[in-house]
Every structure is written in C-alpha cells, then in structure tokens.
Amino acid sequence: MSAKAEVGLAKEASRQILAGGSAGLVEICLMHPLDVVKTRFQIQRCATDPNSYKSLGHSFRMIFQTEGLFGFYKGILPPILVETPKRAVKFFTFEQYKKLLGYVSLSPALQPSTMSYARYIIKKEGLGFQGLNKGFTATLGRHGVFNMVYFGFYYNVKNIIPVNKDPTLEFVRKFGIGLLSGTIASVINIPFDVAKSRIQGPQPVPGEIKYRTCFKTMATVYQEEGILALYKGLLPKIMRLGPGGAVMLLVYEYSYLWLQENW
C-alpha cells in the first residue's frame with residue numbers, strides 16, 4: 001500500500017471516529033434525563049417500594065421536586081466518558097464491517113464525585129464481576145442485541161426506501177428510519193437492561209446479593225414479578241433511544257459528510 005493511500009485511510013478513519021464521537025456526545029446530553037427515569041423505574045420492585053413512581057409524569061415531577069433540575073443529570077459524566085469514545089469506535093467499526101462484508105451503502109463537580117465513587121467501589125468490592133465490573137454480562141447482552149438490531153434495521157431499510165431530492169424530506173426519511181430502528185432495538189433488548197439495573201442497583205435485602213448473573217436475574221424477575229417486570233422502564237427507554245437513536249445516526253451522517261467536504 002502506498003504512503004498516499006495510507007494517509008487517505010487514516011484520514012477517513014479519523015473522520016469516522018470524530019463523527020461517531022460527536023454523535024454519541026450529542027445524544028447523551030440530550031437524552032440522559034430519560035435514562036435516569038428509566039433506571040428509577042427498573043430498580044423499583046413493587047407499589048410499596050419507597051422509590052416507586054406511579055407514572056412517567058409522576059416520576060418527572062418527583063425527581064424535579066425532590067432533587068431539582070440537576071437530578072435529571074445525575075451520573076452523566078460516566079456515560080459521557082464511556083459512551084463518547086465507545087460510539088466513536090462503534091461507528092468506525094461498523095464502517096469497516098460494511099466494507100469487509102461488501103455492503104453498499106459537564107460540570108467540574110461531577111468529575112471528583114465520579115472518580116471518588118469508582119475508588120470506593122474498587123476499595124470495597126474490587127475490580128471483578130462483583131465490583132467495578134458488576135453486570136458485565138448483562139451490559140454485553142444489552143449492547144450486543146441493541147446494536148445488531150439498530151444498525152441492521154437502519155441500513156437495510158434506508159437502502160430500500162428511495163432517497164428524496166428535497167433536503168427536508170430526506171432529513172425526515174432518515175429521522176423516521178432512525179426512530180424506528182432505536183424503538184425496535186429497545187423493545188427487543190430491554191430484558192437485558194432490566195437485569196443490568198437489578199444487578200448493579202441496590203439489592204432487596206442489604207448485605208445479601210440476590211441478583212448475580214444476567215439470565216438468572218431475568219428468570220428470578222419473571223418468576224417473582226411476571227413477564228411485564230422484564231419490560232419495566234420501556235416507555236422512557238423508547239422515548240430516549242427512539243429519538244436518541246435517530247439523533248445519533250443523523251449527527252453521525254451529517255458530521256461525517258461535513259468532515260469529508262471540509263477536511
């Protein structure tokens with residue numbers, strides 16, 4: 001491979017990584033409040049739970065009244081630090097797989113609290129699967145299933161529905177496909193999300209670990225609370241990852257196009 005070709009490949013990879021990172025950052029900043037609400041729904045176990053919310057509207061009111069506006073942005077730093085580079089790698093990797101398989105087409109105060117909590121977990125429970133990596137299998141399943149459906153649906157359906165010459169209608173076409181992709185992927189992968197929240201969240205009896213592994217947690221939730229318990233938090237999840245999925249894909253595509261034209 002010539003030096004010129006290598007430079008071209010490196011520049012193309014840099015564009016994909018920058019566009020993917022930008023897409024992830026924008027989506028997190030816009031949609032994080034719904035992720036907070038979704039997690040609160042998933043860790044409550046029954047109507048008598050002290051953290052129980054009666055409805056989506058009730059959860060928003062309670063969080064705002066008891067924790068203020070910044071309550072909706074609790075824990076935003078870890079997703080920014082993790083998801084921004086992760087989504088940069090995700091879009092870069094997907095672009096490489098498309099070629100390989102022959103497809104055509106923050107607040108400063110947040111950082112000390114995040115780091116101190118990470119140190120506390122490591123000191124108390126270590127780095128293993130019961131410590132900082134608790135819920136690893138459930139997280140792997142959640143992301144694996146979501147991305148398989150999300151990217152597969154978006155790029156296949158986008159190639160089926162004709163491109164519109166009108167820029168506004170073309171934006172609507174892409175947004176609609178992205179919205180549907182994020183929604184379908186959310187419905188399919190939410191049991192993994194519930195398992196992750198139960199494993200990483202507070203246990204029912206302090207000092208006793210009830211939820212340990214992904215599939216055993218799913219089975220326990222199903223046996224004790226019914227099938228619908230595996231879909232707790234589905235509405236805020238769809239509200240986040242439906243439009244969020246559309247925003248992320250659109251920001252990536254338009255950022256990538258701008259980088260191609262200007263860099």
# chains A, B, ... in the order shown; residues from 1 in each chain; ligands from 1
>>> residues_around(residues="range 146-159 of chain A", least_positions_apart="3", cutoff="8 Å", atoms="only C-alpha atoms", output="PDB file with C-alpha atoms, in the first residue's frame")
ATOM      1  CA  SER A 105     -24.391   1.795   1.348  1.00  0.00           C
ATOM      2  CA  ARG A 142     -27.855  -5.294  26.167  1.00  0.00           C
ATOM      3  CA  HIS A 143     -25.438  -3.568  23.812  1.00  0.00           C
ATOM      4  CA  PRO A 162     -35.767   5.758  -2.037  1.00  0.00           C
ATOM      5  CA  LYS A 174     -33.571   9.353   7.797  1.00  0.00           C
ATOM      6  CA  ILE A 177     -35.914   5.187   9.940  1.00  0.00           C
ATOM      7  CA  GLY A 178     -33.558   6.007  12.822  1.00  0.00           C
ATOM      8  CA  SER A 181     -34.563   1.409  14.473  1.00  0.00           C
ATOM      9  CA  GLY A 182     -33.996   2.710  18.007  1.00  0.00           C
ATOM     10  CA  ILE A 184     -37.447  -1.800  17.792  1.00  0.00           C
ATOM     11  CA  ALA A 185     -33.972  -2.371  19.253  1.00  0.00           C
ATOM     12  CA  SER A 186     -35.137  -1.003  22.630  1.00  0.00           C
ATOM     13  CA  ILE A 188     -36.003  -6.362  21.982  1.00  0.00           C
ATOM     14  CA  ASN A 189     -33.101  -5.665  24.365  1.00  0.00           C
TER      15      ASN A 189
END
>>> closest_residue(among="A:Tyr252, A:Phe64, A:Trp258, A:Phe192", to="Leu25 in chain A", atoms="only C-alpha atoms")
A:Tyr252
>>> closest_residue(among="A:Val37, A:Ala88, A:Leu30, A:Ile209", to="Arg15 in chain A", atoms="only C-alpha atoms")
A:Ala88
>>> closest_residue(among="A:Lys90, A:Lys74, A:Arg240, A:Lys38", to="Leu18 in chain A", atoms="only C-alpha atoms")
A:Lys90
>>> atom_distance(atom1="CA of Gly245 in chain A", atom2="CA of Gly176 in chain A")
10.1 Å
>>> residues_around(residues="Glu12 in chain A", least_positions_apart="5", cutoff="12 Å", atoms="only C-alpha atoms", output="list in words")
Ala5, Glu6, Val7, Ile17, Leu18, Ala19, Phe92, Glu95, Gln96, Tyr256, Leu257, Leu259, Gln260, Glu261 and Trp263 of chain A
>>> write_last_selection(atoms="C-alpha atoms", output="mmCIF file, in the first residue's frame")
data_model
loop_
_atom_site.group_PDB
_atom_site.id
_atom_site.type_symbol
_atom_site.label_atom_id
_atom_site.label_comp_id
_atom_site.auth_asym_id
_atom_site.auth_seq_id
_atom_site.Cartn_x
_atom_site.Cartn_y
_atom_site.Cartn_z
ATOM 1 C CA ALA A 5 -3.203 5.538 0.313
ATOM 2 C CA GLU A 6 -2.238 5.016 3.967
ATOM 3 C CA VAL A 7 -2.704 8.743 4.684
ATOM 4 C CA ILE A 17 -14.194 8.390 14.719
ATOM 5 C CA LEU A 18 -14.790 12.142 15.120
ATOM 6 C CA ALA A 19 -18.289 11.947 13.636
ATOM 7 C CA PHE A 92 -15.787 3.322 12.860
ATOM 8 C CA GLU A 95 -17.995 1.272 8.574
ATOM 9 C CA GLN A 96 -15.135 -1.269 8.378
ATOM 10 C CA TYR A 256 -19.193 12.744 8.524
ATOM 11 C CA LEU A 257 -20.396 14.483 5.363
ATOM 12 C CA LEU A 259 -15.749 16.387 7.513
ATOM 13 C CA GLN A 260 -15.489 14.810 4.065
ATOM 14 C CA GLU A 261 -16.180 18.165 2.422
ATOM 15 C CA TRP A 263 -11.204 18.112 5.900
#
>>> decode(residues="range 180-217 of chain A", atoms="N, CA and C atoms", output="PDB file, in the first residue's frame")
ATOM      1  N   LEU A 180     -37.446   4.465  14.200  1.00  0.00           N
ATOM      2  CA  LEU A 180     -37.979   3.099  14.201  1.00  0.00           C
ATOM      3  C   LEU A 180     -36.897   2.089  14.599  1.00  0.00           C
ATOM      4  N   SER A 181     -35.676   2.304  14.132  1.00  0.00           N
ATOM      5  CA  SER A 181     -34.563   1.409  14.473  1.00  0.00           C
ATOM      6  C   SER A 181     -34.310   1.393  15.972  1.00  0.00           C
ATOM      7  N   GLY A 182     -34.237   2.604  16.575  1.00  0.00           N
ATOM      8  CA  GLY A 182     -33.996   2.710  18.007  1.00  0.00           C
ATOM      9  C   GLY A 182     -35.130   2.129  18.827  1.00  0.00           C
ATOM     10  N   THR A 183     -36.367   2.312  18.354  1.00  0.00           N
ATOM     11  CA  THR A 183     -37.543   1.807  19.071  1.00  0.00           C
ATOM     12  C   THR A 183     -37.584   0.277  19.067  1.00  0.00           C
ATOM     13  N   ILE A 184     -37.412  -0.336  17.900  1.00  0.00           N
ATOM     14  CA  ILE A 184     -37.447  -1.800  17.792  1.00  0.00           C
ATOM     15  C   ILE A 184     -36.315  -2.423  18.604  1.00  0.00           C
ATOM     16  N   ALA A 185     -35.116  -1.849  18.508  1.00  0.00           N
ATOM     17  CA  ALA A 185     -33.972  -2.371  19.253  1.00  0.00           C
ATOM     18  C   ALA A 185     -34.204  -2.275  20.760  1.00  0.00           C
ATOM     19  N   SER A 186     -34.856  -1.192  21.200  1.00  0.00           N
ATOM     20  CA  SER A 186     -35.137  -1.003  22.630  1.00  0.00           C
ATOM     21  C   SER A 186     -36.114  -2.049  23.156  1.00  0.00           C
ATOM     22  N   VAL A 187     -37.142  -2.339  22.368  1.00  0.00           N
ATOM     23  CA  VAL A 187     -38.145  -3.333  22.776  1.00  0.00           C
ATOM     24  C   VAL A 187     -37.512  -4.723  22.897  1.00  0.00           C
ATOM     25  N   ILE A 188     -36.608  -5.037  21.988  1.00  0.00           N
ATOM     26  CA  ILE A 188     -36.003  -6.362  21.982  1.00  0.00           C
ATOM     27  C   ILE A 188     -34.962  -6.536  23.106  1.00  0.00           C
ATOM     28  N   ASN A 189     -34.214  -5.474  23.424  1.00  0.00           N
ATOM     29  CA  ASN A 189     -33.101  -5.665  24.365  1.00  0.00           C
ATOM     30  C   ASN A 189     -33.401  -5.265  25.809  1.00  0.00           C
ATOM     31  N   ILE A 190     -34.627  -4.775  26.098  1.00  0.00           N
ATOM     32  CA  ILE A 190     -34.879  -4.257  27.446  1.00  0.00           C
ATOM     33  C   ILE A 190     -34.770  -5.295  28.571  1.00  0.00           C
ATOM     34  N   PRO A 191     -35.085  -6.595  28.370  1.00  0.00           N
ATOM     35  CA  PRO A 191     -34.867  -7.537  29.473  1.00  0.00           C
ATOM     36  C   PRO A 191     -33.418  -7.548  29.981  1.00  0.00           C
ATOM     37  N   PHE A 192     -32.452  -7.392  29.052  1.00  0.00           N
ATOM     38  CA  PHE A 192     -31.044  -7.299  29.460  1.00  0.00           C
ATOM     39  C   PHE A 192     -30.810  -6.025  30.272  1.00  0.00           C
ATOM     40  N   ASP A 193     -31.488  -4.948  29.884  1.00  0.00           N
ATOM     41  CA  ASP A 193     -31.359  -3.667  30.580  1.00  0.00           C
ATOM     42  C   ASP A 193     -31.895  -3.768  32.011  1.00  0.00           C
ATOM     43  N   VAL A 194     -33.040  -4.432  32.167  1.00  0.00           N
ATOM     44  CA  VAL A 194     -33.622  -4.631  33.497  1.00  0.00           C
ATOM     45  C   VAL A 194     -32.674  -5.469  34.360  1.00  0.00           C
ATOM     46  N   ALA A 195     -32.127  -6.537  33.783  1.00  0.00           N
ATOM     47  CA  ALA A 195     -31.188  -7.389  34.521  1.00  0.00           C
ATOM     48  C   ALA A 195     -29.967  -6.587  34.960  1.00  0.00           C
ATOM     49  N   LYS A 196     -29.457  -5.757  34.077  1.00  0.00           N
ATOM     50  CA  LYS A 196     -28.290  -4.926  34.407  1.00  0.00           C
ATOM     51  C   LYS A 196     -28.596  -3.987  35.570  1.00  0.00           C
ATOM     52  N   SER A 197     -29.772  -3.332  35.527  1.00  0.00           N
ATOM     53  CA  SER A 197     -30.151  -2.402  36.591  1.00  0.00           C
ATOM     54  C   SER A 197     -30.309  -3.118  37.933  1.00  0.00           C
ATOM     55  N   ARG A 198     -30.883  -4.337  37.902  1.00  0.00           N
ATOM     56  CA  ARG A 198     -31.069  -5.090  39.146  1.00  0.00           C
ATOM     57  C   ARG A 198     -29.723  -5.539  39.725  1.00  0.00           C
ATOM     58  N   ILE A 199     -28.828  -5.982  38.864  1.00  0.00           N
ATOM     59  CA  ILE A 199     -27.518  -6.460  39.322  1.00  0.00           C
ATOM     60  C   ILE A 199     -26.690  -5.311  39.892  1.00  0.00           C
ATOM     61  N   GLN A 200     -26.702  -4.166  39.204  1.00  0.00           N
ATOM     62  CA  GLN A 200     -25.874  -3.041  39.619  1.00  0.00           C
ATOM     63  C   GLN A 200     -26.536  -2.166  40.676  1.00  0.00           C
ATOM     64  N   GLY A 201     -27.867  -2.251  40.792  1.00  0.00           N
ATOM     65  CA  GLY A 201     -28.600  -1.401  41.724  1.00  0.00           C
ATOM     66  C   GLY A 201     -28.613  -1.962  43.135  1.00  0.00           C
ATOM     67  N   PRO A 202     -29.326  -1.279  44.053  1.00  0.00           N
ATOM     68  CA  PRO A 202     -29.418  -1.756  45.433  1.00  0.00           C
ATOM     69  C   PRO A 202     -30.156  -3.095  45.506  1.00  0.00           C
ATOM     70  N   GLN A 203     -29.660  -4.006  46.323  1.00  0.00           N
ATOM     71  CA  GLN A 203     -30.278  -5.327  46.497  1.00  0.00           C
ATOM     72  C   GLN A 203     -31.465  -5.222  47.460  1.00  0.00           C
ATOM     73  N   PRO A 204     -32.470  -6.108  47.339  1.00  0.00           N
ATOM     74  CA  PRO A 204     -33.674  -6.042  48.190  1.00  0.00           C
ATOM     75  C   PRO A 204     -33.363  -6.097  49.681  1.00  0.00           C
ATOM     76  N   VAL A 205     -32.425  -6.968  50.070  1.00  0.00           N
ATOM     77  CA  VAL A 205     -32.027  -7.100  51.480  1.00  0.00           C
ATOM     78  C   VAL A 205     -30.580  -6.651  51.602  1.00  0.00           C
ATOM     79  N   PRO A 206     -30.312  -5.576  52.350  1.00  0.00           N
ATOM     80  CA  PRO A 206     -28.943  -5.089  52.498  1.00  0.00           C
ATOM     81  C   PRO A 206     -28.004  -6.189  53.009  1.00  0.00           C
ATOM     82  N   GLY A 207     -26.866  -6.316  52.351  1.00  0.00           N
ATOM     83  CA  GLY A 207     -25.885  -7.322  52.758  1.00  0.00           C
ATOM     84  C   GLY A 207     -26.040  -8.656  52.069  1.00  0.00           C
ATOM     85  N   GLU A 208     -27.164  -8.879  51.388  1.00  0.00           N
ATOM     86  CA  GLU A 208     -27.399 -10.128  50.666  1.00  0.00           C
ATOM     87  C   GLU A 208     -27.495  -9.848  49.171  1.00  0.00           C
ATOM     88  N   ILE A 209     -26.725 -10.572  48.381  1.00  0.00           N
ATOM     89  CA  ILE A 209     -26.735 -10.376  46.924  1.00  0.00           C
ATOM     90  C   ILE A 209     -27.740 -11.324  46.301  1.00  0.00           C
ATOM     91  N   LYS A 210     -28.854 -10.785  45.858  1.00  0.00           N
ATOM     92  CA  LYS A 210     -29.913 -11.596  45.252  1.00  0.00           C
ATOM     93  C   LYS A 210     -29.706 -11.746  43.747  1.00  0.00           C
ATOM     94  N   TYR A 211     -29.319 -10.666  43.113  1.00  0.00           N
ATOM     95  CA  TYR A 211     -29.159 -10.667  41.657  1.00  0.00           C
ATOM     96  C   TYR A 211     -27.670 -10.737  41.315  1.00  0.00           C
ATOM     97  N   ARG A 212     -27.246 -11.871  40.718  1.00  0.00           N
ATOM     98  CA  ARG A 212     -25.825 -12.080  40.453  1.00  0.00           C
ATOM     99  C   ARG A 212     -25.506 -12.159  38.961  1.00  0.00           C
ATOM    100  N   THR A 213     -26.195 -13.031  38.238  1.00  0.00           N
ATOM    101  CA  THR A 213     -25.897 -13.234  36.822  1.00  0.00           C
ATOM    102  C   THR A 213     -27.067 -12.794  35.962  1.00  0.00           C
ATOM    103  N   CYS A 214     -26.776 -12.534  34.699  1.00  0.00           N
ATOM    104  CA  CYS A 214     -27.761 -11.961  33.777  1.00  0.00           C
ATOM    105  C   CYS A 214     -29.017 -12.825  33.624  1.00  0.00           C
ATOM    106  N   PHE A 215     -28.855 -14.055  33.148  1.00  0.00           N
ATOM    107  CA  PHE A 215     -30.025 -14.875  32.834  1.00  0.00           C
ATOM    108  C   PHE A 215     -30.734 -15.379  34.093  1.00  0.00           C
ATOM    109  N   LYS A 216     -29.971 -15.595  35.161  1.00  0.00           N
ATOM    110  CA  LYS A 216     -30.606 -15.984  36.417  1.00  0.00           C
ATOM    111  C   LYS A 216     -31.443 -14.833  36.975  1.00  0.00           C
ATOM    112  N   THR A 217     -30.954 -13.608  36.809  1.00  0.00           N
ATOM    113  CA  THR A 217     -31.706 -12.436  37.246  1.00  0.00           C
ATOM    114  C   THR A 217     -33.003 -12.310  36.454  1.00  0.00           C
TER     115      THR A 217
END
